Amino acid sequence: MMRSFRINGSAVWPIGPATEEVFFMQSSPRIAGWIVAGNLLVACVLILATLINLQVSRDSELARAREAAQNLVQALSSELAAELRLVDNALATIALRQALSEGGAPQALQPTLLEQRRLLPFVLAIRTADASGRVSVEPTATEDATSLSVADRDYFRAARASDALVLSEPLRSRVTGDWCIVAARRLQTESGQFRGVVYAVLSAQHFQGLFRRLSLGKDGAIALRSDSLRLVARHSGAEPDSAAGLGSDQTSPQLRNELARDRESGWYITPTALDGIERISAYRRLPGYPLTVLAGFGTQHYLEPWRSAALRHWAFTAATLLLVACGSCLLYALHRREHRTRVQIARLAKEQSLLLENDLIGMLRVRQRRILWANRAACHMLGYPAQQLIGASTRVLYAEDSCFEMVGEQGYAALRSVGRFRTQVRIRTSDGRTPWVDLSGAMLSESESIWMLVDIDNLKHSEEDAQHLALHDPLTGLANRRLLQVQLHQALMQAKRSGQDVAVAYLDLDGFKPVNDRFGHEAGDAVLRTVASRLANEVRANDTLARIGGDEFVLVLVDIEGERDALVVLQRCLEAVHRPIPLGGTGEPVAVGCSIGLALRSRHGGTEQALQQAADDAMYAAKRAGRGRVACAPTVALAALFEG
């Protein structure tokens, strides 16, 4: 059945999502919908106009960059083609004079080479090679070029088979080691007999010097590539002195696609393969020569003014939309305020009901330590119906009077001082169980408080089990080495105050290994448990019995007068261990013995380490003496008794 809540005398009903929507549509005027629709239309128009304007301006900037790059590569291609024509004319002149010279001897070309070399200052060297490829003339080089051979070079073989000018792929000079290209022509006699080649070396640095004079911006780049796309020379504003990629054909897929579409000229936008910088690039093939010049402007730098303008446009659009949205939200909020208030009241009432009537956390409202109200979880936790709890004293909650009194004194004092109190106590249920709960209280008024109960019984038992496992041997349940150290330390501290003696005895079983080997480990574990039980029966409640590993046990005897008291207890332990032990599986009895080493605080030292070492040594002495006996460690010097 739906519950109602009254606010200022009016009934308010919990409202679901569908009811809220219907309520809002009925209570809001129709103009609110028109306002929203109008604002959406204005926003769409503004955004669309901004997008179109920015796209047009960006296309205009890209067109300017493309035009600048195309003009640049056109001028460069003309300039480079002119240089190559000068080189071609010079090589053709040398080849003609060689054909007309007497006997066609290469030595007769030296004046001509000197003359043409002076006409081509941008050429690194002009050389000739005979028909075998051996370099025979180098009039301007200071290095020894007579030992060079170009017979294995592709341009030598191409020039031998052609009468036209041959341009090589980019290669490294065998004289300087620098990157360059070679222009070569065939040398022959008047009758057409091949006499060698004459060639000019153009260094990559020469082309880079030409490119460096041009203004490209910090991200711009110019490159010269052969028809096979191998890089001849390159200058980049981002890396002005870099020689990376020379001789390689590493290019972007976009460039290869454009070259496949138009080999002579074109443009594209893509990140450059050598440095990853996006550029607006144009290319043009040198007229009459197998070389292509490329130039590009970095989009990041070139489009920076457009980006600034775009930011201003978007800022203006955003500000306009924000003003429109703020006005619309203000108007819309006025129409929804009353509706929101009613919905929130109903929701809060429903949430409060869900929080109070939960199944996990028990809640009690208390006045003068009497229960005024209990939720469903508290009734389930205590095992009482709500009618029985209401009006009852809170004493019914607690397992002991001491808990009831502690909460009455400490708990209510904390509530009055800080307003809150929390503790862990045992409660008593209707069936007599005493589980642990986390009890917390908060002050509502001077006379009333609310208390919450959280079941932590399983957690408490888990903590106790974990604590027991950490300090006890899992097989026998005796103290382990860690607990032994704590108990021994406490026994020695107590002995210092009381003047009583403390004995430490190390006990090791005799004949245990044959039992383990013959009957198995399960039988061995049964023997260890039986021995542990018998030893526990022979010692007092305030003594400590521990298993520290394998078949080795340790006894700590406190409040004894001396060696005689300790020997009485240890003799009983010997006799208890020696009694036959029946095995559960076969019923066959087995017998084990033990050897015991004894050390006394008054005779062997006042520290844990000294006593344990003396008892361990005495135990091994008992084994060497024949086993099945107690051996007391020899007395040490008086000065070492209470070291530390």
# chains A, B, ... in the order shown; residues from 1 in each chain; ligands from 1
>>> residues_around(residues="range 149-159 of chain A", least_positions_apart="4", cutoff="9 Å", atoms="only C-alpha atoms", output="MDAnalysis selection string")
chainID A and resid 129 131:135 145 163:169 182:187 196:197 199
>>> select_by_dssp(residues="range 418-534 of chain A", states="strand (DSSP E)", output="PyMOL selection string")
chain A and resi 420-426+436-443+448-455+501-510
>>> write_last_selection(atoms="N, CA and C atoms", output="compact mmCIF listing (two decimals), in the first residue's frame")
# COMPACT_ATOMS: atom_id res chain seq x y z
N ARG A 420 28.69 11.73 20.14
CA ARG A 420 28.76 10.41 19.54
C ARG A 420 29.52 9.46 20.47
N PHE A 421 29.22 8.16 20.31
CA PHE A 421 29.91 7.13 21.09
C PHE A 421 29.89 5.84 20.28
N ARG A 422 31.02 5.07 20.38
CA ARG A 422 31.10 3.81 19.64
C ARG A 422 31.93 2.81 20.43
N THR A 423 31.46 1.55 20.43
CA THR A 423 32.18 0.48 21.11
C THR A 423 31.76 -0.85 20.51
N GLN A 424 32.39 -1.94 20.99
CA GLN A 424 32.03 -3.29 20.59
C GLN A 424 31.64 -4.07 21.84
N VAL A 425 30.44 -4.65 21.85
CA VAL A 425 29.93 -5.37 23.02
C VAL A 425 29.24 -6.64 22.56
N ARG A 426 29.00 -7.52 23.54
CA ARG A 426 28.18 -8.70 23.29
C ARG A 426 26.73 -8.38 23.66
N TRP A 436 28.70 -10.78 18.99
CA TRP A 436 29.34 -9.47 19.06
C TRP A 436 28.65 -8.50 18.10
N VAL A 437 28.50 -7.25 18.53
CA VAL A 437 27.98 -6.20 17.66
C VAL A 437 28.85 -4.96 17.81
N ASP A 438 28.87 -4.17 16.72
CA ASP A 438 29.48 -2.83 16.76
C ASP A 438 28.36 -1.86 17.13
N LEU A 439 28.45 -1.27 18.31
CA LEU A 439 27.40 -0.41 18.85
C LEU A 439 27.84 1.05 18.75
N SER A 440 27.04 1.87 18.07
CA SER A 440 27.36 3.30 17.97
C SER A 440 26.10 4.11 18.24
N GLY A 441 26.27 5.24 18.94
CA GLY A 441 25.14 6.08 19.30
C GLY A 441 25.38 7.53 18.94
N ALA A 442 24.29 8.25 18.70
CA ALA A 442 24.35 9.68 18.40
C ALA A 442 23.23 10.38 19.14
N MET A 443 23.52 11.58 19.63
CA MET A 443 22.56 12.34 20.43
C MET A 443 21.58 13.04 19.50
N GLU A 448 16.95 12.19 24.20
CA GLU A 448 16.80 11.11 23.23
C GLU A 448 18.10 10.88 22.47
N SER A 449 18.30 9.63 22.07
CA SER A 449 19.48 9.24 21.28
C SER A 449 19.07 8.13 20.33
N ILE A 450 19.87 7.94 19.29
CA ILE A 450 19.65 6.85 18.34
C ILE A 450 20.88 5.96 18.35
N TRP A 451 20.65 4.64 18.34
CA TRP A 451 21.73 3.66 18.45
C TRP A 451 21.66 2.71 17.26
N MET A 452 22.84 2.37 16.73
CA MET A 452 22.94 1.45 15.59
C MET A 452 23.75 0.24 16.00
N LEU A 453 23.30 -0.95 15.55
CA LEU A 453 23.94 -2.22 15.88
C LEU A 453 24.32 -2.92 14.59
N VAL A 454 25.61 -3.25 14.43
CA VAL A 454 26.11 -3.98 13.26
C VAL A 454 26.69 -5.30 13.73
N ASP A 455 26.23 -6.40 13.15
CA ASP A 455 26.68 -7.74 13.53
C ASP A 455 28.12 -7.96 13.07
N ASP A 501 62.97 -18.87 40.77
CA ASP A 501 63.80 -19.36 39.67
C ASP A 501 62.91 -19.73 38.48
N VAL A 502 63.51 -19.80 37.29
CA VAL A 502 62.86 -20.22 36.05
C VAL A 502 63.70 -21.31 35.42
N ALA A 503 63.04 -22.40 34.97
CA ALA A 503 63.74 -23.50 34.31
C ALA A 503 63.27 -23.61 32.87
N VAL A 504 64.22 -23.85 31.96
CA VAL A 504 63.92 -24.10 30.55
C VAL A 504 64.43 -25.48 30.21
N ALA A 505 63.54 -26.34 29.68
CA ALA A 505 63.92 -27.71 29.33
C ALA A 505 63.63 -27.96 27.87
N TYR A 506 64.66 -28.47 27.15
CA TYR A 506 64.49 -28.88 25.75
C TYR A 506 64.28 -30.39 25.74
N LEU A 507 63.21 -30.84 25.06
CA LEU A 507 62.84 -32.26 25.04
C LEU A 507 62.80 -32.72 23.60
N ASP A 508 63.56 -33.76 23.27
CA ASP A 508 63.59 -34.32 21.92
C ASP A 508 63.26 -35.81 21.99
N LEU A 509 62.32 -36.28 21.14
CA LEU A 509 61.87 -37.67 21.20
C LEU A 509 62.96 -38.61 20.70
N ASP A 510 63.06 -39.78 21.35
CA ASP A 510 63.97 -40.85 20.94
C ASP A 510 63.15 -41.94 20.26
>>> closest_residue(among="A:Ala631, A:Val293, A:Ile126, A:Leu331", to="Leu202 in chain A", atoms="only C-alpha atoms")
A:Ile126
>>> residues_around(residues="Gly288 in chain A", least_positions_apart="3", cutoff="9 Å", atoms="only C-alpha atoms", output="VMD selection string")
chain A and resid 81 285 291
>>> write_last_selection(atoms="N, CA, C and O atoms", output="tab-separated table (two decimals), in the first residue's frame")
chain	number	residue	atom	x	y	z
A	81	ALA	N	67.70	23.62	-63.34
A	81	ALA	CA	67.83	23.17	-64.72
A	81	ALA	C	68.85	24.01	-65.47
A	81	ALA	O	69.62	23.50	-66.29
A	285	ARG	N	59.16	18.57	-61.60
A	285	ARG	CA	60.31	17.88	-62.21
A	285	ARG	C	61.11	18.87	-63.03
A	285	ARG	O	60.56	19.74	-63.72
A	291	LEU	N	65.34	14.76	-62.25
A	291	LEU	CA	65.34	15.25	-60.88
A	291	LEU	C	64.04	15.98	-60.60
A	291	LEU	O	63.45	16.59	-61.51
>>> select_by_dssp(residues="range 253-351 of chain A", states="alpha helix (DSSP H)", output="ChimeraX atom specification")
/A:253-261,299-302,304-351
